[in-house]
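Dropping query_34.tsv in here (TSV, C-alpha atoms):
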chain	number	residue	atom	x	y	z
G	12	MET	CA	116.00	100.43	126.99
G	13	GLN	CA	119.24	102.23	127.76
G	14	GLY	CA	121.94	99.95	129.05
G	15	GLU	CA	120.00	96.87	128.04
G	16	ASP	CA	122.25	94.12	126.74
G	17	PRO	CA	120.47	91.81	124.33
G	18	PHE	CA	122.95	89.06	125.08
G	19	ASP	CA	122.41	89.26	128.84
G	20	GLU	CA	119.67	86.81	129.81
G	21	GLY	CA	119.47	88.28	133.28
G	22	ALA	CA	118.83	91.77	131.98
G	23	THR	CA	116.37	90.95	129.25
G	24	GLY	CA	114.65	87.88	130.59
G	25	ALA	CA	115.70	85.95	127.51
G	26	GLY	CA	118.86	85.81	125.46
G	27	LEU	CA	119.10	86.82	121.86
G	28	LEU	CA	118.81	83.22	120.72
G	29	ARG	CA	115.86	82.33	122.96
G	30	GLN	CA	113.09	83.70	120.79
G	31	PRO	CA	109.65	82.38	119.85
G	32	LYS	CA	109.29	80.48	116.60
G	33	ALA	CA	107.29	83.40	115.18
G	34	VAL	CA	110.30	85.70	115.58
G	35	TRP	CA	112.66	83.25	113.91
G	36	ALA	CA	110.21	82.71	111.05
G	37	THR	CA	109.92	86.46	110.43
G	38	ALA	CA	113.67	87.03	110.79
G	39	GLY	CA	114.45	84.20	108.40
G	40	ALA	CA	112.06	85.57	105.80
G	41	SER	CA	113.66	88.99	106.33
G	42	VAL	CA	117.07	87.59	105.40
G	43	VAL	CA	115.66	86.34	102.09
G	44	ALA	CA	113.80	89.61	101.49
G	45	PHE	CA	116.99	91.63	101.85
G	46	MET	CA	118.86	89.12	99.73
G	47	GLY	CA	116.58	90.13	96.86
G	48	ILE	CA	118.10	93.63	96.75
G	49	GLY	CA	121.61	92.50	95.77
G	50	LEU	CA	120.68	89.18	94.23
G	51	VAL	CA	120.97	90.39	90.64
G	52	ASP	CA	124.33	92.17	91.09
G	53	PRO	CA	126.63	89.29	90.04
G	54	ILE	CA	124.38	88.24	87.15
G	55	LEU	CA	123.71	91.64	85.56
G	56	PRO	CA	126.24	91.02	82.74
G	57	SER	CA	124.83	87.49	82.27
G	58	ILE	CA	121.29	88.85	82.03
G	59	ALA	CA	122.42	91.44	79.50
G	60	LYS	CA	124.03	88.72	77.40
G	61	GLY	CA	121.16	86.25	77.77
G	62	LEU	CA	118.46	88.77	76.83
G	63	GLU	CA	120.61	90.70	74.32
G	64	ALA	CA	120.15	93.92	76.28
G	65	SER	CA	122.37	96.92	76.98
G	66	PRO	CA	123.63	97.78	80.49
G	67	SER	CA	121.18	100.68	80.73
G	68	GLN	CA	118.29	98.37	79.83
G	69	VAL	CA	119.30	95.73	82.37
G	70	SER	CA	119.80	98.38	85.06
G	71	LEU	CA	116.08	99.06	84.78
G	72	LEU	CA	115.73	95.95	86.97
G	73	PHE	CA	116.72	98.21	89.85
G	74	THR	CA	114.82	101.23	88.56
G	75	SER	CA	111.45	99.49	88.33
G	76	TYR	CA	112.02	97.72	91.64
G	77	PHE	CA	112.81	100.88	93.62
G	78	LEU	CA	110.37	103.15	91.82
G	79	ILE	CA	107.53	100.90	92.89
G	80	THR	CA	109.08	100.63	96.35
G	81	ALA	CA	109.05	104.43	96.66
G	82	PHE	CA	105.35	104.73	95.90
G	83	ALA	CA	104.63	101.67	98.04
G	84	MET	CA	105.88	103.61	101.07
G	85	LEU	CA	102.61	105.56	100.90
G	86	VAL	CA	100.63	102.33	100.90
G	87	THR	CA	102.28	100.02	103.43
G	88	GLY	CA	101.17	101.88	106.55
G	89	PHE	CA	97.69	102.30	105.10
G	90	VAL	CA	97.45	98.56	104.48
G	91	SER	CA	99.02	97.23	107.69
G	92	SER	CA	96.99	99.54	109.92
G	93	ARG	CA	93.82	98.05	108.41
G	94	ILE	CA	94.50	94.35	107.89
G	95	GLY	CA	97.21	93.80	110.52
G	96	GLY	CA	100.90	92.92	110.41
G	97	ARG	CA	100.55	89.19	109.78
G	98	LYS	CA	98.32	89.54	106.74
G	99	THR	CA	100.52	92.33	105.38
G	100	LEU	CA	103.62	90.13	105.69
G	101	LEU	CA	101.90	87.23	103.97
G	102	ALA	CA	100.59	89.46	101.18
G	103	GLY	CA	104.07	90.84	100.59
G	104	LEU	CA	105.64	87.39	100.57
G	105	ALA	CA	103.01	86.06	98.18
G	106	LEU	CA	103.75	88.87	95.72
G	107	VAL	CA	107.50	88.24	95.95
G	108	ILE	CA	107.03	84.50	95.35
G	109	VAL	CA	104.89	85.07	92.27
G	110	PHE	CA	106.98	87.81	90.68
G	111	ALA	CA	110.36	86.28	91.52
G	112	ALA	CA	109.26	83.06	89.82
G	113	LEU	CA	107.90	84.98	86.85
G	114	SER	CA	111.21	86.88	86.60
G	115	GLY	CA	112.96	83.58	85.96
G	116	THR	CA	110.66	82.85	83.01
G	117	SER	CA	111.24	86.19	81.25
G	118	SER	CA	111.88	86.08	77.54
G	119	SER	CA	112.75	89.78	77.21
G	120	VAL	CA	114.27	92.51	79.33
G	121	GLY	CA	110.92	94.33	79.26
G	122	GLU	CA	109.16	91.39	80.89
G	123	LEU	CA	111.89	91.07	83.50
G	124	VAL	CA	111.70	94.77	84.36
G	125	GLY	CA	107.94	94.51	84.78
G	126	PHE	CA	108.17	91.45	87.01
G	127	ARG	CA	110.80	93.17	89.16
G	128	ALA	CA	108.32	96.02	89.69
G	129	GLY	CA	105.80	93.58	91.15
G	130	TRP	CA	108.59	92.09	93.24
G	131	GLY	CA	109.36	95.57	94.59
G	132	LEU	CA	105.77	96.05	95.75
G	133	GLY	CA	105.81	92.74	97.61
G	134	ASN	CA	109.17	93.45	99.19
G	135	ALA	CA	108.02	96.89	100.35
G	136	LEU	CA	104.96	95.43	102.05
G	137	PHE	CA	107.09	92.82	103.77
G	138	VAL	CA	110.17	94.73	104.97
G	139	SER	CA	108.20	97.76	106.13
G	140	THR	CA	106.16	95.53	108.44
G	141	ALA	CA	108.70	92.90	109.55
G	142	LEU	CA	110.47	95.02	112.17
G	143	ALA	CA	107.28	95.94	114.01
G	144	VAL	CA	106.22	92.31	113.97
G	145	ILE	CA	109.56	91.10	115.33
G	146	VAL	CA	109.58	93.70	118.11
G	147	GLY	CA	106.00	92.84	119.04
G	148	ALA	CA	106.60	89.10	119.15
G	149	ALA	CA	110.14	88.99	120.57
G	150	ALA	CA	111.06	87.84	124.05
G	151	GLY	CA	113.64	89.68	126.13
G	152	GLY	CA	112.85	93.27	125.20
G	153	SER	CA	113.24	95.24	122.03
G	154	ALA	CA	117.05	95.38	122.20
G	155	ALA	CA	117.28	91.68	121.37
G	156	ALA	CA	114.63	92.05	118.67
G	157	ILE	CA	116.37	95.01	117.02
G	158	LEU	CA	119.73	93.27	117.02
G	159	LEU	CA	118.16	90.18	115.51
G	160	TYR	CA	116.52	92.24	112.77
G	161	GLU	CA	119.76	94.14	112.10
G	162	SER	CA	121.59	90.83	111.83
G	163	ALA	CA	118.98	89.55	109.37
G	164	LEU	CA	119.39	92.68	107.27
G	165	GLY	CA	123.19	92.43	107.19
G	166	LEU	CA	123.13	88.71	106.46
G	167	GLY	CA	120.66	89.23	103.63
G	168	MET	CA	122.64	92.06	102.05
G	169	ALA	CA	125.82	89.98	102.23
G	170	CYS	CA	124.33	86.67	101.05
G	171	GLY	CA	122.20	88.05	98.21
G	172	PRO	CA	125.14	88.52	95.81
G	173	LEU	CA	126.60	85.18	96.94
G	174	LEU	CA	123.37	83.31	96.14
G	175	GLY	CA	123.11	85.16	92.85
G	176	ALA	CA	126.63	84.04	91.96
G	177	LEU	CA	126.23	80.41	92.99
G	178	LEU	CA	122.95	79.87	91.14
G	179	GLY	CA	123.65	82.34	88.37
G	180	ASP	CA	126.83	80.61	87.26
G	181	ALA	CA	124.64	77.91	85.71
G	182	SER	CA	121.91	80.23	84.42
G	183	TRP	CA	120.84	83.76	85.16
G	184	ARG	CA	117.30	82.43	85.68
G	185	TYR	CA	118.11	80.18	88.63
G	186	PRO	CA	118.61	82.93	91.27
G	187	PHE	CA	115.04	84.10	90.67
G	188	PHE	CA	113.62	80.60	91.06
G	189	GLY	CA	115.78	80.07	94.15
G	190	THR	CA	114.46	83.24	95.76
G	191	ALA	CA	110.87	82.23	95.05
G	192	ALA	CA	111.47	78.84	96.68
G	193	LEU	CA	113.07	80.36	99.79
G	194	MET	CA	110.29	82.91	100.12
G	195	ALA	CA	107.73	80.12	99.86
G	196	VAL	CA	109.37	78.46	102.86
G	197	GLY	CA	109.22	81.79	104.70
G	198	PHE	CA	105.54	82.16	103.82
G	199	LEU	CA	104.73	78.72	105.25
G	200	CYS	CA	106.73	79.39	108.43
G	201	ILE	CA	105.02	82.73	109.09
G	202	ALA	CA	101.60	81.27	108.33
G	203	ALA	CA	102.25	78.45	110.79
G	204	PHE	CA	104.03	80.23	113.65
G	205	LEU	CA	103.04	83.91	113.65
G	206	LYS	CA	99.77	84.91	115.30
G	207	GLU	CA	98.01	88.14	114.37
G	208	GLN	CA	99.08	91.11	116.49
G	209	PRO	CA	96.86	93.99	117.66
G	210	LYS	CA	96.18	96.63	115.02
G	211	PRO	CA	97.29	100.24	115.63
G	212	ALA	CA	94.84	102.47	117.51
G	213	ARG	CA	94.92	104.99	114.64
G	214	ARG	CA	94.75	104.11	110.98
G	215	THR	CA	97.36	105.64	108.69
G	216	SER	CA	96.12	107.56	105.66
G	217	LEU	CA	97.82	107.58	102.26
G	218	LEU	CA	98.81	111.24	102.61
G	219	ASP	CA	100.19	111.11	106.16
G	220	PRO	CA	103.79	110.43	105.01
G	221	VAL	CA	103.66	113.30	102.52
G	222	LYS	CA	102.24	115.68	105.13
G	223	ALA	CA	105.06	114.69	107.50
G	224	LEU	CA	107.57	116.04	104.97
G	225	GLY	CA	106.25	119.52	105.72
G	226	HIS	CA	108.56	119.47	108.74
G	227	GLY	CA	111.81	121.21	107.78
G	228	GLY	CA	114.06	118.79	109.62
G	229	LEU	CA	112.52	115.68	108.10
G	230	ALA	CA	112.51	117.27	104.64
G	231	SER	CA	116.22	118.07	105.07
G	232	VAL	CA	117.08	114.51	106.05
G	233	ALA	CA	115.09	113.17	103.10
G	234	ALA	CA	116.76	115.57	100.66
G	235	SER	CA	120.25	114.67	101.87
G	236	ALA	CA	119.40	110.95	101.75
G	237	PHE	CA	118.14	111.38	98.19
G	238	PHE	CA	121.60	112.46	96.99
G	239	TYR	CA	123.32	109.83	99.14
G	240	ASN	CA	121.16	107.07	97.67
G	241	TYR	CA	122.11	108.14	94.18
G	242	ALA	CA	125.75	107.50	95.10
G	243	PHE	CA	124.90	104.25	96.89
G	244	PHE	CA	122.98	102.71	94.02
G	245	THR	CA	125.50	103.79	91.43
G	246	ILE	CA	127.84	101.42	93.24
G	247	LEU	CA	125.30	98.66	93.61
G	248	ALA	CA	123.87	98.69	90.09
G	249	PHE	CA	126.60	100.08	87.83
G	250	THR	CA	129.83	98.72	89.30
G	251	PRO	CA	129.20	95.07	88.24
G	252	PHE	CA	129.39	96.18	84.60
G	253	VAL	CA	132.63	98.07	85.23
G	254	LEU	CA	134.30	95.23	87.11
G	255	ASP	CA	133.20	92.78	84.36
G	256	MET	CA	133.89	89.67	86.44
G	257	THR	CA	132.47	86.16	86.47
G	258	PRO	CA	129.39	85.66	88.65
G	259	TYR	CA	131.50	83.86	91.26
G	260	LYS	CA	134.09	86.63	91.54
G	261	SER	CA	131.50	89.40	91.45
G	262	GLY	CA	129.47	87.59	94.11
G	263	ALA	CA	132.55	87.33	96.32
G	264	VAL	CA	133.23	91.05	95.98
G	265	PHE	CA	129.71	92.04	96.94
G	266	PHE	CA	129.62	89.44	99.71
G	267	ALA	CA	132.62	91.17	101.29
G	268	TRP	CA	130.93	94.52	100.63
G	269	GLY	CA	127.79	93.31	102.41
G	270	LEU	CA	129.76	92.06	105.41
G	271	LEU	CA	131.38	95.47	105.86
G	272	LEU	CA	127.98	97.11	105.50
G	273	ALA	CA	126.55	94.91	108.26
G	274	VAL	CA	129.47	95.35	110.66
G	275	PHE	CA	129.64	99.13	110.31
G	276	SER	CA	125.86	99.50	110.50
G	277	VAL	CA	125.36	97.39	113.61
G	278	LEU	CA	128.63	97.78	115.52
G	279	VAL	CA	130.70	100.74	114.35
G	280	ALA	CA	128.16	103.49	113.62
G	281	PRO	CA	126.54	103.51	117.10
G	282	ARG	CA	129.94	103.81	118.78
G	283	LEU	CA	131.05	106.66	116.52
G	284	GLN	CA	127.75	108.46	117.07
G	285	ARG	CA	128.15	108.34	120.83
G	286	ARG	CA	131.67	109.75	120.57
G	287	PHE	CA	131.39	112.35	117.82
G	288	GLY	CA	127.66	112.98	117.26
G	289	SER	CA	125.42	111.87	114.42
G	290	LEU	CA	125.84	114.91	112.18
G	291	LYS	CA	129.64	114.82	112.26
G	292	VAL	CA	129.70	111.10	111.59
G	293	LEU	CA	127.27	111.44	108.69
G	294	GLY	CA	129.07	114.39	107.10
G	295	ALA	CA	132.48	112.71	107.32
G	296	SER	CA	131.16	109.40	106.04
G	297	LEU	CA	129.54	111.05	103.01
G	298	VAL	CA	132.77	112.87	102.12
G	299	LEU	CA	134.77	109.65	102.49
G	300	LEU	CA	132.23	107.85	100.29
G	301	ALA	CA	132.72	110.54	97.64
G	302	ALA	CA	136.49	110.06	97.77
G	303	ASP	CA	136.06	106.29	97.53
G	304	LEU	CA	133.85	106.70	94.45
G	305	LEU	CA	136.55	108.72	92.70
G	306	VAL	CA	139.13	106.05	93.50
G	307	LEU	CA	136.72	103.41	92.20
G	308	GLY	CA	136.14	105.34	88.99
G	309	TYR	CA	139.75	106.19	88.15
G	310	GLY	CA	141.72	103.32	89.70
G	311	GLY	CA	142.82	100.12	88.04
G	312	HIS	CA	140.80	96.93	88.23
G	313	THR	CA	142.24	95.74	91.55
G	314	THR	CA	141.86	99.20	93.03
G	315	ALA	CA	138.24	99.33	91.87
G	316	VAL	CA	137.53	95.97	93.53
G	317	VAL	CA	139.01	97.18	96.83
G	318	ALA	CA	137.16	100.50	96.62
G	319	THR	CA	133.87	98.69	95.98
G	320	ILE	CA	134.34	96.55	99.07
G	321	VAL	CA	135.43	99.50	101.23
G	322	SER	CA	132.35	101.49	100.20
G	323	GLY	CA	130.28	99.02	102.23
G	324	ALA	CA	131.71	100.51	105.42
G	325	PHE	CA	130.57	104.05	104.59
G	326	ILE	CA	127.20	102.85	103.32
G	327	GLY	CA	126.60	100.89	106.53
G	328	MET	CA	127.29	103.94	108.69
G	329	ASN	CA	125.18	106.23	106.55
G	330	ASN	CA	122.20	103.88	106.57
G	331	THR	CA	122.09	103.77	110.36
G	332	VAL	CA	122.59	107.49	110.95
G	333	TYR	CA	120.09	108.61	108.30
G	334	THR	CA	117.34	106.45	109.74
G	335	GLU	CA	118.00	107.68	113.27
G	336	LEU	CA	117.75	111.27	112.07
G	337	ALA	CA	114.60	110.59	110.07
G	338	LEU	CA	112.88	108.98	113.02
G	339	GLY	CA	113.88	111.53	115.64
G	340	VAL	CA	113.90	114.91	113.96
G	341	SER	CA	110.15	115.56	113.68
G	342	ASP	CA	107.04	115.17	115.81
G	343	ALA	CA	105.39	112.81	113.31
G	344	PRO	CA	104.79	109.22	114.46
G	345	ARG	CA	107.91	107.29	113.65
G	346	PRO	CA	106.33	104.89	111.13
G	347	VAL	CA	104.83	107.87	109.30
G	348	ALA	CA	108.09	109.83	109.34
G	349	SER	CA	109.97	106.79	108.10
G	350	ALA	CA	107.50	106.30	105.24
G	351	GLY	CA	107.81	109.93	104.14
G	352	TYR	CA	111.59	109.83	104.30
G	353	ASN	CA	111.77	106.58	102.35
G	354	PHE	CA	109.27	107.84	99.79
G	355	VAL	CA	111.78	110.57	98.83
G	356	ARG	CA	115.04	108.66	99.00
G	357	TRP	CA	113.94	105.62	96.99
G	358	PHE	CA	113.45	107.82	93.92
G	359	ALA	CA	117.22	108.27	93.78
G	360	ALA	CA	117.65	104.50	94.09
G	361	ALA	CA	115.41	104.21	91.03
G	362	ALA	CA	117.23	106.93	89.07
G	363	ALA	CA	120.87	105.96	89.59
G	364	PRO	CA	120.80	102.48	87.99
G	365	PHE	CA	119.31	103.95	84.80
G	366	LEU	CA	121.31	107.19	84.62
G	367	ALA	CA	124.77	105.79	85.39
G	368	PRO	CA	125.00	103.60	82.24
G	369	LYS	CA	123.43	106.38	80.18
G	370	ILE	CA	126.06	108.83	81.43
G	371	GLU	CA	128.74	106.33	80.44
G	372	GLU	CA	127.23	106.09	76.94
G	373	TRP	CA	127.24	109.90	76.63
G	374	THR	CA	130.75	110.40	78.08
G	375	ASP	CA	133.05	107.66	79.40
G	376	VAL	CA	133.23	105.08	82.17
G	377	HIS	CA	134.72	107.50	84.72
G	378	ILE	CA	132.04	110.19	84.71
G	379	PRO	CA	129.21	108.17	86.34
G	380	PHE	CA	131.40	107.83	89.42
G	381	VAL	CA	132.23	111.52	89.37
G	382	VAL	CA	128.52	112.34	89.29
G	383	ALA	CA	127.90	109.89	92.15
G	384	ALA	CA	130.74	111.44	94.16
G	385	LEU	CA	129.27	114.91	93.63
G	386	ALA	CA	125.88	113.60	94.79
G	387	ALA	CA	127.46	112.32	98.02
G	388	VAL	CA	129.09	115.71	98.58
G	389	VAL	CA	125.78	117.47	98.00
G	390	GLY	CA	124.26	115.19	100.62
G	391	ALA	CA	126.95	116.27	103.08
G	392	VAL	CA	126.40	119.94	102.21
G	393	VAL	CA	122.67	119.62	102.88
G	394	VAL	CA	123.44	118.19	106.32
G	395	GLY	CA	125.85	121.07	107.05
G	396	VAL	CA	123.63	123.87	105.74
G	397	ARG	CA	120.50	122.51	107.42
G	398	ARG	CA	122.24	121.73	110.72
G	399	THR	CA	119.90	124.08	112.58
G	400	ALA	CA	116.85	122.24	111.30
G	401	LEU	CA	118.41	119.01	112.51
G	402	THR	CA	119.17	120.24	116.03
G	403	HIS	CA	116.32	118.14	117.41
G	404	GLU	CA	118.72	115.23	117.24
G	405	ALA	CA	121.41	117.19	119.06
G	406	ARG	CA	120.28	115.44	122.23
G	407	GLU	CA	122.14	112.54	120.60
G	408	LEU	CA	119.61	109.84	121.38
G	409	GLU	CA	121.24	106.50	121.91
G	410	PRO	CA	121.24	104.72	118.54
G	411	VAL	CA	119.41	101.78	120.08
G	412	HIS	CA	116.50	104.09	121.01
G	413	ALA	CA	116.19	105.26	117.43
G	414	MET	CA	116.31	101.71	116.17
G	415	GLU	CA	113.25	100.75	118.19
G	416	ASP	CA	111.07	101.92	115.35
G	417	GLY	CA	113.09	101.73	112.20
G	418	VAL	CA	116.62	100.32	112.26
G	419	THR	CA	118.57	100.98	109.09
G	420	ALA	CA	117.54	102.67	105.91
G	421	PHE	CA	116.83	99.38	104.17
G	422	ALA	CA	114.27	98.39	106.79
G	423	ASP	CA	111.46	100.48	105.41
Can you give me the file's structure in the form of structure tokens?
Amino acid sequence: MQGEDPFDEGATGAGLLRQPKAVWATAGASVVAFMGIGLVDPILPSIAKGLEASPSQVSLLFTSYFLITAFAMLVTGFVSSRIGGRKTLLAGLALVIVFAALSGTSSSVGELVGFRAGWGLGNALFVSTALAVIVGAAAGGSAAAILLYESALGLGMACGPLLGALLGDASWRYPFFGTAALMAVGFLCIAAFLKEQPKPARRTSLLDPVKALGHGGLASVAASAFFYNYAFFTILAFTPFVLDMTPYKSGAVFFAWGLLLAVFSVLVAPRLQRRFGSLKVLGASLVLLAADLLVLGYGGHTTAVVATIVSGAFIGMNNTVYTELALGVSDAPRPVASAGYNFVRWFAAAAAPFLAPKIEEWTDVHIPFVVAALAAVVGAVVVGVRRTALTHEARELEPVHAMEDGVTAFAD
């Protein structure tokens, strides 16, 4: 794997673009799946107005989505190791199609929150399986497959807010219907082009991910990522209310944010890791994210817009480094370690969207960002204090090796 250039047809036997239809079908569906994470960002104020709900009530769209995703981490490996990757992908897509469409029909914020929970289960089943399927079906080695998957992730994170803005400008319901339609196309493509792959030799139990957290290094990574994710999803779920922009303008802001996230995740983070080491890069990035959050919280409107976009760079680096640490620090099988790690960190993604608006109601608009900044600093402190437990990664595995089984933090 080392030294393998995914763009070099002579080295890999096939270029990045010369992939089977099954790979393109799965990658295309992955783009739409990741779009669903940021889809609602530009339309959060519109949803609040349309359903006569408060910001804290609307933010439950993220809370229900990620709370179910967290628990689903214990289920995805159990399911895919029994029914196979293809059926797991199709089951996940089917759930997303149904619940995304139902989300667009909601007559109350309670209904919408419930439908988003079902959407989260489907998305968890899909994204946790897609990488393994792409690697298994790709031509030209896993380097090309990983880069393709990373590109799908970045494109989805960037385009989600843009799609939400374009469709949401007419009605907040349209982005949900649009996602259901795109996922239906992905379902048909995977059903037509992807053949079933061999099942794992060993079936994963529901408790395997929890047992893996008994390893001190993995538990440390998960704990640090928990605090980091609180900061991350304060930006993603709370900032649209603070910026108070039209769907088009908000979509443009988060499109730029997503582009930075993709570039720093795929291109910048691996280079910095090779030069400075993963722990130093992660610690510095978390501290810079904390500083950016304070600027976002206390700056003027233009400053807040710039700080929101810039945060994508730090988030992109953090996502890549955290996943590499989670996958390499323990002796647990990488899919199991990843599930345990994600089980912990997604709880913060569920908590932040609900707590940030509540904290604003109890105090003022600045304090949610202060709390998020403190959470990022705590994440950095955990990394520093538990450095010894994380020395397994001191061999500084090439980032591309770590990505063979998990890519970025959004992948699982």
For CA of Thr80 in chain G and CA of Lys222 in chain G, quote the distance in Å rounded to one decimal.
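Computing it gives 18.7 Å between the two atoms.
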Do you know which residues lie at most 6 Å from (108.6, 82.1, 107.7), with coordinates as in the file and all atoms listed in the file counted, and could you write them as a PyMOL selection string?
-> chain G and resi 36-37+40+197-201
Counting only C-alpha atoms, the residue among G:Leu272, G:Leu247, G:Asp342, G:Ser216 that lies closest to Phe325 in chain G is G:Leu272
Measure the distance from CA of Ala387 in chain G to CA of Ala242 in chain G in Å and round it to one decimal.
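Those two atoms sit 5.9 Å apart.
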For the atom pair CA of Val332 in chain G and CA of Gly147 in chain G, what is the interatomic distance in Å to one decimal place?
->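 Going from CA of Val332 in chain G over to CA of Gly147 in chain G, I get 23.6 Å.
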- Message: Taking all atoms listed in the file into account, name the residue in G:Ala112, G:Val316, G:Ile326, G:Leu224 that is nearest to Met256 in chain G.
- Response: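 With all atoms listed in the file as the atom set, the closest residue is G:Val316.
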Distance query range 286-294 of chain G at most 9 Å, only C-alpha atoms, self and fewer than 6 positions along chain excluded, as a list in words: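 My list of contacting residues is Ala280, Met328, Asn329, Val332, Tyr333, Glu335, Leu336, Val388, Gly390, Ala391, Val392, Val394, Gly395, Arg398, Leu401, Glu404, Ala405 and Glu407 of chain G.
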Quick one: residues within 12 Å of Ser92 in chain G, only C-alpha atoms, excluding same-chain residues fewer than 2 positions away - as a PyMOL selection string? chain G and resi 86-90+94-99+136+139-140+143+208-217+346-347
Shell of 6 Å around Gly171 in chain G, only C-alpha atoms, local chain residues under 6 positions omitted, as a PyMOL selection string:
chain G and resi 46+49-50
Nearest residue to Ser182 in chain G from the set G:Gly323, G:Gly61, G:Gly308, G:Gly351 (distances using only C-alpha atoms)
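Ranking G:Gly323, G:Gly61, G:Gly308, G:Gly351 by distance to Ser182 in chain G, first place goes to G:Gly61.
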Given 5 Å of margin on each side, can you work out the centre and size in Å (one decimal) of an axis-aligned box holding every listed atom of range 337-352 of chain G, as lines of an AutoDock Vina configuration file?
center_x = 109.7
center_y = 110.2
center_z = 110.0
size_x = 19.8
size_y = 20.7
size_z = 21.7
Please identify all polymer residues within 7 Å of Phe110 in chain G, counting only C-alpha atoms, omitting same-chain residues fewer than 3 positions from it, and present them as a list in words.
->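 Final neighbour list, sorted by chain and number: Leu106, Val107, Leu113, Ser114, Phe126, Arg127, Gly129 and Trp130 of chain G.
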Write the residues of the selection above to a file with C-alpha atoms, as a tab-separated table (two decimals), in the coordinates of the input.
chain	number	residue	atom	x	y	z
G	106	LEU	CA	103.75	88.87	95.72
G	107	VAL	CA	107.50	88.24	95.95
G	113	LEU	CA	107.90	84.98	86.85
G	114	SER	CA	111.21	86.88	86.60
G	126	PHE	CA	108.17	91.45	87.01
G	127	ARG	CA	110.80	93.17	89.16
G	129	GLY	CA	105.80	93.58	91.15
G	130	TRP	CA	108.59	92.09	93.24
Best match for closeness to Gln30 in chain G among G:Leu270, G:Met194, G:Val253, G:Ala148, counting all atoms listed in the file
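Of G:Leu270, G:Met194, G:Val253, G:Ala148, the one nearest Gln30 in chain G, counting all atoms listed in the file, is G:Ala148.
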| said: So, with all atoms listed in the file as the atoms that count, which of G:Ser261, G:Gln284, G:Ser341, G:Thr245 lies closest to His377 in chain G? | reply: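 The closest residue to His377 in chain G is G:Thr245.
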Practice task
Kindly indicate which residue among G:Ala223, G:Ala350, G:Leu178, G:Val264 lies nearest to Val138 in chain G, using only C-alpha atoms for the distances.
Solution key: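 Closest to Val138 in chain G, using only C-alpha atoms: G:Ala350.
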Some atoms are missing, so please complete range 244-257 of chain G with N, CA and C atoms and return it as a JSON list (two decimals), keeping the file's coordinate frame.
[["chain", "number", "residue", "atom", "x", "y", "z"],
["G", 244, "PHE", "N", 123.47, 103.65, 95.02],
["G", 244, "PHE", "CA", 122.98, 102.71, 94.02],
["G", 244, "PHE", "C", 123.72, 102.82, 92.69],
["G", 245, "THR", "N", 124.55, 103.82, 92.54],
["G", 245, "THR", "CA", 125.50, 103.79, 91.43],
["G", 245, "THR", "C", 126.49, 102.66, 91.66],
["G", 246, "ILE", "N", 126.93, 102.52, 92.90],
["G", 246, "ILE", "CA", 127.84, 101.42, 93.24],
["G", 246, "ILE", "C", 127.16, 100.08, 93.07],
["G", 247, "LEU", "N", 125.97, 99.95, 93.59],
["G", 247, "LEU", "CA", 125.30, 98.66, 93.61],
["G", 247, "LEU", "C", 124.90, 98.18, 92.22],
["G", 248, "ALA", "N", 124.44, 99.09, 91.38],
["G", 248, "ALA", "CA", 123.87, 98.69, 90.09],
["G", 248, "ALA", "C", 124.80, 98.86, 88.90],
["G", 249, "PHE", "N", 125.76, 99.79, 88.99],
["G", 249, "PHE", "CA", 126.60, 100.08, 87.83],
["G", 249, "PHE", "C", 127.97, 99.41, 87.92],
["G", 250, "THR", "N", 128.49, 99.27, 89.13],
["G", 250, "THR", "CA", 129.83, 98.72, 89.30],
["G", 250, "THR", "C", 130.00, 97.31, 88.73],
["G", 251, "PRO", "N", 128.99, 96.40, 88.83],
["G", 251, "PRO", "CA", 129.20, 95.07, 88.24],
["G", 251, "PRO", "C", 129.57, 95.10, 86.76],
["G", 252, "PHE", "N", 129.05, 96.06, 86.01],
["G", 252, "PHE", "CA", 129.39, 96.18, 84.60],
["G", 252, "PHE", "C", 130.84, 96.65, 84.42],
["G", 253, "VAL", "N", 131.27, 97.53, 85.31],
["G", 253, "VAL", "CA", 132.63, 98.07, 85.23],
["G", 253, "VAL", "C", 133.66, 97.01, 85.62],
["G", 254, "LEU", "N", 133.37, 96.27, 86.68],
["G", 254, "LEU", "CA", 134.30, 95.23, 87.11],
["G", 254, "LEU", "C", 134.38, 94.09, 86.09],
["G", 255, "ASP", "N", 133.25, 93.78, 85.43],
["G", 255, "ASP", "CA", 133.20, 92.78, 84.36],
["G", 255, "ASP", "C", 133.86, 91.47, 84.79],
["G", 256, "MET", "N", 133.34, 90.89, 85.89],
["G", 256, "MET", "CA", 133.89, 89.67, 86.44],
["G", 256, "MET", "C", 132.90, 88.52, 86.27],
["G", 257, "THR", "N", 133.37, 87.32, 86.50],
["G", 257, "THR", "CA", 132.47, 86.16, 86.47],
["G", 257, "THR", "C", 131.48, 86.28, 87.63]]
